[in-house]
$ cat upload.txt   # compact mmCIF, C-alpha atoms
# COMPACT_ATOMS: atom_id res chain seq x y z
CA MET A 1303 71.99 11.25 -2.72
CA MET A 1304 69.90 10.86 0.44
CA ARG A 1305 70.78 8.13 2.88
CA ALA A 1306 68.57 5.07 2.58
CA ALA A 1307 65.40 5.29 4.63
CA GLY A 1308 65.48 3.56 8.00
CA GLY A 1309 61.71 4.10 8.19
CA LEU A 1310 58.98 5.65 6.06
CA LEU A 1311 56.31 8.05 7.34
CA LEU A 1312 53.66 8.60 4.67
CA ASP A 1313 50.68 10.89 4.27
CA PHE A 1314 47.39 9.37 3.06
CA GLY A 1315 45.69 11.84 0.70
CA GLY A 1316 47.91 12.80 -2.21
CA VAL A 1317 50.51 10.14 -1.37
CA LEU A 1318 48.96 6.74 -0.71
CA ALA A 1319 45.67 7.60 -2.40
CA ASP A 1320 44.28 10.11 -4.82
CA ALA A 1321 41.81 11.94 -2.60
CA PRO A 1322 39.48 14.27 -4.50
CA ALA A 1323 37.93 16.90 -2.31
CA GLY A 1324 34.39 15.78 -3.11
CA GLY A 1325 31.23 17.57 -2.08
CA ALA A 1326 30.55 18.31 1.55
CA ALA A 1327 26.80 17.99 1.04
CA THR A 1328 26.20 14.99 -1.19
CA PRO A 1329 22.56 13.83 -1.34
CA GLU A 1330 23.56 10.71 0.61
CA MET A 1331 25.19 12.77 3.36
CA VAL A 1332 22.24 15.14 3.61
CA ARG A 1333 19.81 12.22 3.89
CA ARG A 1334 22.00 10.58 6.55
CA VAL A 1335 21.99 13.71 8.71
CA ALA A 1336 18.26 14.24 8.11
CA GLU A 1337 17.57 10.72 9.39
CA VAL A 1338 19.68 11.34 12.49
CA VAL A 1339 17.86 14.58 13.39
CA GLY A 1340 14.44 13.06 12.67
CA GLY A 1341 13.01 15.97 10.70
CA GLU A 1342 14.04 18.65 13.22
CA VAL A 1343 16.06 20.41 10.50
CA SER A 1344 15.10 20.72 6.83
CA GLU A 1345 17.25 19.12 4.14
CA GLU A 1346 17.76 22.56 2.62
CA ARG A 1347 19.28 23.89 5.82
CA ILE A 1348 21.33 20.73 6.34
CA THR A 1349 22.76 21.16 2.84
CA ALA A 1350 23.64 24.81 3.40
CA ASP A 1351 25.14 24.20 6.83
CA LEU A 1352 27.23 21.24 5.64
CA ILE A 1353 28.69 23.39 2.86
CA GLU A 1354 29.35 26.34 5.15
CA GLY A 1355 30.62 24.05 7.90
CA ALA A 1356 33.14 22.43 5.57
CA ARG A 1357 34.37 25.88 4.52
CA ALA A 1358 34.66 27.11 8.11
CA TYR A 1359 36.41 23.93 9.27
CA SER A 1360 38.90 24.25 6.40
CA LEU A 1361 39.67 27.84 7.40
CA TRP A 1362 40.13 26.76 11.02
CA ARG A 1363 42.55 24.02 9.92
CA ASP A 1364 44.60 26.56 7.97
CA GLU A 1365 44.70 28.91 10.96
CA ILE A 1366 45.63 26.24 13.51
CA SER A 1367 48.33 24.89 11.21
CA ALA A 1368 50.16 28.20 11.56
CA SER A 1369 50.53 27.68 15.30
CA ALA A 1370 53.54 26.10 16.97
CA GLU A 1371 51.79 22.86 17.94
CA PRO A 1372 48.57 22.39 15.95
CA ILE A 1373 45.84 20.25 17.47
CA GLU A 1374 42.81 18.42 16.07
CA LEU A 1375 39.25 18.63 17.38
CA PRO A 1376 37.19 15.58 18.34
CA HIS A 1377 34.30 14.65 16.04
CA ASN A 1378 31.59 16.08 18.26
CA ARG A 1379 33.35 19.46 18.48
CA VAL A 1380 33.65 19.71 14.70
CA TRP A 1381 29.93 19.10 14.24
CA ALA A 1382 28.94 21.43 17.09
CA ASP A 1383 31.35 24.26 16.24
CA PHE A 1384 31.06 24.28 12.47
CA VAL A 1385 27.77 22.68 11.41
CA THR A 1386 24.97 22.40 13.98
CA HIS A 1387 25.24 25.67 15.92
CA GLY A 1388 21.84 27.33 15.73
CA TRP A 1389 19.98 24.04 15.26
CA PRO A 1390 17.29 22.97 17.74
CA GLU A 1391 18.80 21.44 20.85
CA ALA A 1392 17.30 18.00 20.15
CA ALA A 1393 18.88 17.96 16.68
CA ARG A 1394 22.26 19.05 18.05
CA ALA A 1395 22.16 16.34 20.68
CA ALA A 1396 21.22 13.70 18.09
CA VAL A 1397 24.16 14.66 15.88
CA GLU A 1398 26.53 14.60 18.86
CA ARG A 1399 25.44 11.05 19.69
CA GLU A 1400 26.22 9.99 16.11
CA ALA A 1401 29.24 12.28 15.68
CA THR A 1402 31.74 9.54 14.82
CA PRO A 1403 29.61 7.54 12.32
CA LEU A 1404 28.66 10.82 10.65
CA ALA A 1405 32.33 11.87 10.53
CA TYR A 1406 33.14 8.56 8.84
CA ALA A 1407 30.38 9.08 6.25
CA TRP A 1408 31.55 12.64 5.56
CA THR A 1409 35.17 11.56 5.16
CA TRP A 1410 34.74 8.46 2.99
CA ARG A 1411 35.10 9.00 -0.78
CA ILE A 1412 34.04 6.38 -3.28
CA GLU A 1413 36.48 8.06 -5.69
CA TRP A 1414 39.59 7.19 -3.66
CA GLU A 1415 42.17 5.23 -5.63
CA VAL A 1416 45.64 4.02 -4.71
CA ARG A 1417 48.19 6.29 -6.36
CA PRO A 1418 50.24 4.87 -9.24
CA GLY A 1419 53.38 3.03 -8.13
CA ILE A 1420 52.50 3.07 -4.43
CA PRO A 1421 51.98 -0.71 -4.00
CA GLU A 1422 55.30 -1.41 -5.70
CA ALA A 1423 57.18 1.20 -3.64
CA LEU A 1424 55.72 -0.03 -0.36
CA ARG A 1425 56.56 -3.64 -1.12
CA VAL A 1426 60.15 -2.79 -2.06
CA ALA A 1427 60.48 -0.94 1.24
CA ALA A 1428 58.92 -3.83 3.15
CA ASP A 1429 61.20 -6.36 1.43
CA ALA A 1430 64.18 -4.22 2.46
CA GLY A 1431 63.03 -4.34 6.08
CA VAL A 1432 61.99 -0.68 6.20
CA PRO A 1433 59.12 -0.22 8.71
CA MET A 1434 56.37 2.19 7.68
CA ALA A 1435 53.63 4.29 9.27
CA VAL A 1436 50.80 6.47 8.01
CA VAL A 1437 50.72 10.05 9.34
CA SER A 1438 47.57 11.81 8.15
CA ASN A 1439 45.44 14.83 8.98
CA THR A 1440 41.82 13.78 8.61
CA PHE A 1441 38.35 14.25 10.05
CA CYS A 1442 37.98 10.47 10.45
CA GLY A 1443 40.99 8.14 10.29
CA ALA A 1444 38.80 5.03 10.41
CA ALA A 1445 37.73 5.73 6.83
CA HIS A 1446 41.36 5.89 5.69
CA ARG A 1447 42.21 2.75 7.63
CA ASP A 1448 39.33 0.83 6.01
CA PHE A 1449 40.35 1.99 2.53
CA LEU A 1450 43.94 0.80 3.01
CA ALA A 1451 42.70 -2.55 4.32
CA ALA A 1452 40.38 -3.00 1.33
CA ALA A 1453 43.26 -2.11 -1.00
CA GLY A 1454 45.44 -4.81 0.57
CA LEU A 1455 48.00 -2.31 1.87
CA SER A 1456 47.36 -2.03 5.60
CA GLY A 1457 49.44 -5.12 6.38
CA LEU A 1458 52.51 -3.28 5.12
CA PHE A 1459 52.30 -0.65 7.89
CA GLU A 1460 53.54 -1.05 11.44
CA ALA A 1461 51.21 1.73 12.56
CA GLU A 1462 48.66 4.25 11.30
CA PHE A 1463 48.34 7.66 12.95
CA TYR A 1464 45.40 9.97 12.21
CA SER A 1465 44.81 13.44 13.55
CA ASP A 1466 41.32 12.75 14.91
CA GLU A 1467 42.71 9.86 16.95
CA THR A 1468 45.89 11.54 18.23
CA GLY A 1469 44.48 15.03 18.78
CA LEU A 1470 47.46 16.41 16.82
CA ARG A 1471 47.65 17.93 13.36
CA LYS A 1472 50.62 18.29 11.04
CA PRO A 1473 52.85 20.28 11.08
CA ASN A 1474 52.94 19.53 14.81
CA PRO A 1475 56.32 17.76 15.07
CA ARG A 1476 55.04 15.45 17.81
CA PHE A 1477 52.80 13.78 15.22
CA ALA A 1478 55.78 12.55 13.19
CA GLN A 1479 57.77 11.73 16.32
CA LEU A 1480 54.97 9.49 17.64
CA ALA A 1481 54.99 7.56 14.37
CA ALA A 1482 58.78 7.16 14.41
CA GLU A 1483 58.62 5.86 17.97
CA ALA A 1484 55.88 3.40 17.00
CA ILE A 1485 58.00 1.86 14.23
CA GLY A 1486 61.13 1.85 16.40
CA VAL A 1487 63.26 4.04 14.13
CA PRO A 1488 65.04 7.25 15.21
CA ILE A 1489 63.30 10.22 13.62
CA GLY A 1490 66.55 11.29 11.98
CA GLU A 1491 66.63 8.04 10.00
CA CYS A 1492 63.05 8.34 8.70
CA TRP A 1493 61.85 9.72 5.40
CA PHE A 1494 58.65 11.75 5.54
CA VAL A 1495 56.59 11.67 2.32
CA GLY A 1496 53.74 14.14 1.86
CA ASP A 1497 52.05 16.35 -0.71
CA SER A 1498 52.01 19.64 1.25
CA LEU A 1499 54.87 22.05 1.88
CA HIS A 1500 52.91 23.78 4.65
CA ARG A 1501 51.88 20.63 6.50
CA ASP A 1502 54.11 17.70 5.53
CA VAL A 1503 57.47 19.23 4.69
CA ALA A 1504 57.13 21.72 7.54
CA CYS A 1505 56.28 18.85 9.91
CA ALA A 1506 59.28 16.87 8.71
CA ARG A 1507 61.62 19.81 9.25
CA ARG A 1508 60.28 20.58 12.72
CA ALA A 1509 60.47 16.93 13.76
CA GLY A 1510 64.01 16.44 12.41
CA THR A 1511 63.37 13.65 9.90
CA GLY A 1512 66.25 12.41 7.80
CA ALA A 1513 64.54 13.48 4.58
CA ALA A 1514 61.42 15.37 3.51
CA ILE A 1515 59.95 14.27 0.19
CA LEU A 1516 57.21 16.21 -1.60
CA MET A 1517 54.93 14.11 -3.81
CA ARG A 1518 52.97 16.25 -6.21
CA SER A 1519 49.16 16.21 -6.05
CA PRO A 1520 46.45 18.70 -7.01
CA ARG A 1521 46.74 20.18 -3.51
CA THR A 1522 50.47 20.76 -4.00
CA ASP A 1523 49.73 22.93 -7.02
CA ARG A 1524 47.06 24.93 -5.13
CA GLU A 1525 49.30 25.81 -2.19
CA PRO A 1526 51.01 29.19 -1.96
CA GLU A 1527 54.78 29.28 -1.88
CA HIS A 1528 56.48 28.51 1.44
CA PRO A 1529 60.04 29.85 1.01
CA GLU A 1530 61.00 28.93 4.59
CA VAL A 1531 60.85 25.20 3.87
CA SER A 1532 61.93 23.09 0.94
CA PRO A 1533 61.94 19.32 0.36
CA ASP A 1534 64.99 17.17 -0.20
CA ALA A 1535 63.30 15.67 -3.26
CA ARG A 1536 60.23 16.26 -5.39
CA ILE A 1537 58.46 13.32 -7.02
CA GLU A 1538 55.31 12.83 -9.08
CA ASP A 1539 53.89 9.59 -7.67
CA GLY A 1540 54.73 6.20 -6.19
CA HIS A 1541 56.99 5.38 -9.12
CA GLY A 1542 59.14 8.35 -8.16
CA LEU A 1543 59.27 7.12 -4.57
CA LEU A 1544 60.25 3.65 -5.77
CA ASP A 1545 63.11 5.16 -7.78
CA LEU A 1546 64.33 7.17 -4.77
CA LEU A 1547 64.24 4.09 -2.55
CA ARG A 1548 66.20 1.98 -4.99
CA ARG A 1549 68.80 4.63 -5.76
CA SER A 1550 69.37 5.41 -2.07
CA GLN A 1551 69.78 1.71 -1.30
CA VAL A 1552 72.35 1.33 -4.09
CA ALA A 1553 74.20 4.44 -2.92
CA ASP A 1554 74.33 3.16 0.65
CA ARG A 1555 75.71 -0.19 -0.44
CA ALA A 1556 78.30 1.52 -2.63
CA GLY A 1557 79.30 3.89 0.15

$ encode --input "upload.txt" --output "structure tokens"
Amino acid sequence: MMRAAGGLLLDFGGVLADAPAGGAATPEMVRRVAEVVGGEVSEERITADLIEGARAYSLWRDEISASAEPIELPHNRVWADFVTHGWPEAARAAVEREATPLAYAWTWRIEWEVRPGIPEALRVAADAGVPMAVVSNTFCGAAHRDFLAAAGLSGLFEAEFYSDETGLRKPNPRFAQLAAEAIGVPIGECWFVGDSLHRDVACARRAGTGAAILMRSPRTDREPEHPEVSPDARIEDGHGLLDLLRRSQVADRAG
């Protein structure tokens, strides 16, 4: 049995919340961008470029994740590099001025829901004095932060770390190490909980966390095999995390 967690580092999408991929070019998003550019670009082109931009940005994220120390791009670079290249200069400049609000709108999903068992698991950890932090790759962490606050969960975290704010992307080990430092727990005493072998479990192993826990999500099932890394435990949802926390606490007391 794993040693009881001294701290918890948790991913957002697939762990704290169900995060459906959603459409990159919803009618609301297209209208928002059209308003920003003031008619300089047609809605048809905005739609096509949002879809293509999301695809290209996803491919870039996959490529950068294979590097030794993956980084994240600032909001204005994502828009400029993947969406607005080729647009009239005035339209590009308008999007750059609104890069962060537009990133928020593109990231936010009305379909987000807290995953089953997560509130109970977090509260058991909090009651046991286990400090927690969010460690999430995302285009706009402010959207995640606002969701957790609205769900009544943000007060349970000592810190929240998002890739667009830190400039780092998992599996960069420094990402997890920053979070461990923020909660005041040695990285070797932290559990890292994520839904991706390639990003979360690999990050945990590189950083030297005490345990790497894979929580299954639709993304988990879509990922190719990663034989070089394996988790210490596989769970289905927050109820599985709650069970691991309780059993590890009992084992520690017995030992």

$ closest_residue --input "upload.txt" --among "A:Asp1320, A:Glu1371, A:Glu1345, A:Asp1466" --to "Arg1521 (chain A)" --atoms "only C-alpha atoms"
A:Asp1320

$ closest_residue --input "upload.txt" --among "A:Gly1308, A:Ala1427, A:Ala1405, A:Gly1316" --to "Asp1523 (chain A)" --atoms "all atoms listed in the file"
A:Gly1316

$ atom_distance --input "upload.txt" --atom1 "CA of His1387 (chain A)" --atom2 "CA of Ile1348 (chain A)"
11.5 Å

$ residues_near_point --input "upload.txt" --point "(52.6, 12.8, -1.9)" --cutoff "7 Å" --atoms "all atoms listed in the file" --output "ChimeraX atom specification"
/A:1313,1316-1317,1495-1497,1516-1519,1539

$ residues_around --input "upload.txt" --residues "Arg1447 (chain A)" --least-positions-apart "4" --cutoff "10 Å" --atoms "all atoms listed in the file" --output "list in words"
Phe1314, Val1436, Cys1442, Gly1443, Ala1451, Ala1452, Ala1453, Leu1455, Ser1456, Glu1462, Phe1463 and Tyr1464 of chain A

$ closest_residue --input "upload.txt" --among "A:Phe1449, A:Tyr1359, A:Trp1381, A:Trp1389" --to "Glu1342 (chain A)" --atoms "all atoms listed in the file"
A:Trp1389

$ closest_residue --input "upload.txt" --among "A:Val1432, A:Leu1424, A:Val1338, A:Ala1358" --to "Ala1396 (chain A)" --atoms "all atoms listed in the file"
A:Val1338

$ atom_distance --input "upload.txt" --atom1 "CA of Asp1351 (chain A)" --atom2 "CA of Ile1373 (chain A)"
23.6 Å

$ residues_around --input "upload.txt" --residues "Asp1364 (chain A)" --least-positions-apart "6" --cutoff "10 Å" --atoms "only C-alpha atoms" --output "ChimeraX atom specification"
/A:1358,1372,1500-1501

$ write_last_selection --input "upload.txt" --atoms "C-alpha atoms" --output "compact mmCIF listing (two decimals), in the coordinates of the input"
# COMPACT_ATOMS: atom_id res chain seq x y z
CA ALA A 1358 34.66 27.11 8.11
CA PRO A 1372 48.57 22.39 15.95
CA HIS A 1500 52.91 23.78 4.65
CA ARG A 1501 51.88 20.63 6.50

$ atom_distance --input "upload.txt" --atom1 "CA of Pro1329 (chain A)" --atom2 "CA of Ser1344 (chain A)"
13.0 Å

$ build_atoms --input "upload.txt" --residues "region 1527-1538 of chain A" --atoms "all heavy atoms" --output "short mmCIF file (atom, residue, chain, number, x, y, z; two decimals), in the coordinates of the input"
data_model
loop_
_atom_site.label_atom_id
_atom_site.label_comp_id
_atom_site.auth_asym_id
_atom_site.auth_seq_id
_atom_site.Cartn_x
_atom_site.Cartn_y
_atom_site.Cartn_z
N GLU A 1527 53.37 29.58 -2.13
CA GLU A 1527 54.78 29.28 -1.88
C GLU A 1527 55.07 29.33 -0.37
O GLU A 1527 54.42 30.04 0.38
CB GLU A 1527 55.67 30.30 -2.60
CG GLU A 1527 55.64 30.17 -4.11
CD GLU A 1527 56.17 28.83 -4.58
OE1 GLU A 1527 57.19 28.36 -4.02
OE2 GLU A 1527 55.56 28.24 -5.49
N HIS A 1528 56.05 28.54 0.02
CA HIS A 1528 56.48 28.51 1.44
C HIS A 1528 58.01 28.55 1.42
O HIS A 1528 58.68 27.54 1.58
CB HIS A 1528 55.98 27.24 2.10
CG HIS A 1528 56.06 27.24 3.59
ND1 HIS A 1528 56.83 28.14 4.31
CD2 HIS A 1528 55.45 26.47 4.54
CE1 HIS A 1528 56.71 27.91 5.59
NE2 HIS A 1528 55.88 26.90 5.77
N PRO A 1529 58.58 29.75 1.21
CA PRO A 1529 60.04 29.85 1.01
C PRO A 1529 60.86 29.40 2.21
O PRO A 1529 62.04 29.09 2.06
CB PRO A 1529 60.24 31.35 0.73
CG PRO A 1529 59.04 32.03 1.29
CD PRO A 1529 57.90 31.06 1.14
N GLU A 1530 60.22 29.32 3.40
CA GLU A 1530 61.00 28.93 4.59
C GLU A 1530 61.33 27.45 4.62
O GLU A 1530 62.24 27.03 5.34
CB GLU A 1530 60.23 29.29 5.87
CG GLU A 1530 60.07 30.78 6.11
CD GLU A 1530 58.91 31.37 5.32
OE1 GLU A 1530 58.15 30.58 4.71
OE2 GLU A 1530 58.79 32.60 5.30
N VAL A 1531 60.59 26.64 3.87
CA VAL A 1531 60.85 25.20 3.87
C VAL A 1531 60.95 24.69 2.44
O VAL A 1531 60.30 25.19 1.54
CB VAL A 1531 59.73 24.41 4.61
CG1 VAL A 1531 59.68 24.78 6.07
CG2 VAL A 1531 58.38 24.62 3.96
N SER A 1532 61.81 23.71 2.25
CA SER A 1532 61.93 23.09 0.94
C SER A 1532 62.22 21.61 1.13
O SER A 1532 62.88 21.21 2.10
CB SER A 1532 63.06 23.74 0.11
OG SER A 1532 64.29 23.61 0.78
N PRO A 1533 61.72 20.76 0.22
CA PRO A 1533 61.94 19.32 0.36
C PRO A 1533 63.32 18.91 -0.11
O PRO A 1533 64.00 19.65 -0.83
CB PRO A 1533 60.86 18.74 -0.56
CG PRO A 1533 60.69 19.78 -1.63
CD PRO A 1533 60.88 21.10 -0.94
N ASP A 1534 63.73 17.73 0.30
CA ASP A 1534 64.99 17.17 -0.20
C ASP A 1534 64.81 16.59 -1.59
O ASP A 1534 65.79 16.45 -2.33
CB ASP A 1534 65.47 16.07 0.76
CG ASP A 1534 65.81 16.63 2.13
OD1 ASP A 1534 66.80 17.39 2.22
OD2 ASP A 1534 65.09 16.32 3.09
N ALA A 1535 63.58 16.22 -1.94
CA ALA A 1535 63.30 15.67 -3.26
C ALA A 1535 61.85 15.95 -3.60
O ALA A 1535 60.99 16.02 -2.71
CB ALA A 1535 63.58 14.17 -3.30
N ARG A 1536 61.59 16.10 -4.88
CA ARG A 1536 60.23 16.26 -5.39
C ARG A 1536 59.95 15.11 -6.36
O ARG A 1536 60.77 14.84 -7.25
CB ARG A 1536 60.05 17.59 -6.13
CG ARG A 1536 60.18 18.82 -5.22
CD ARG A 1536 60.13 20.10 -6.02
NE ARG A 1536 60.34 21.28 -5.19
CZ ARG A 1536 59.36 22.05 -4.72
NH1 ARG A 1536 58.10 21.76 -5.03
NH2 ARG A 1536 59.61 23.10 -3.96
N ILE A 1537 58.81 14.46 -6.18
CA ILE A 1537 58.46 13.32 -7.02
C ILE A 1537 57.01 13.48 -7.48
O ILE A 1537 56.24 14.25 -6.90
CB ILE A 1537 58.65 11.97 -6.30
CG1 ILE A 1537 57.86 11.96 -4.97
CG2 ILE A 1537 60.13 11.71 -6.04
CD1 ILE A 1537 57.96 10.66 -4.20
N GLU A 1538 56.64 12.72 -8.51
CA GLU A 1538 55.31 12.83 -9.08
C GLU A 1538 54.32 11.82 -8.51
O GLU A 1538 53.13 12.08 -8.44
CB GLU A 1538 55.37 12.67 -10.61
CG GLU A 1538 56.09 13.81 -11.31
CD GLU A 1538 55.32 15.12 -11.19
OE1 GLU A 1538 54.09 15.11 -11.34
OE2 GLU A 1538 55.97 16.16 -10.93
#
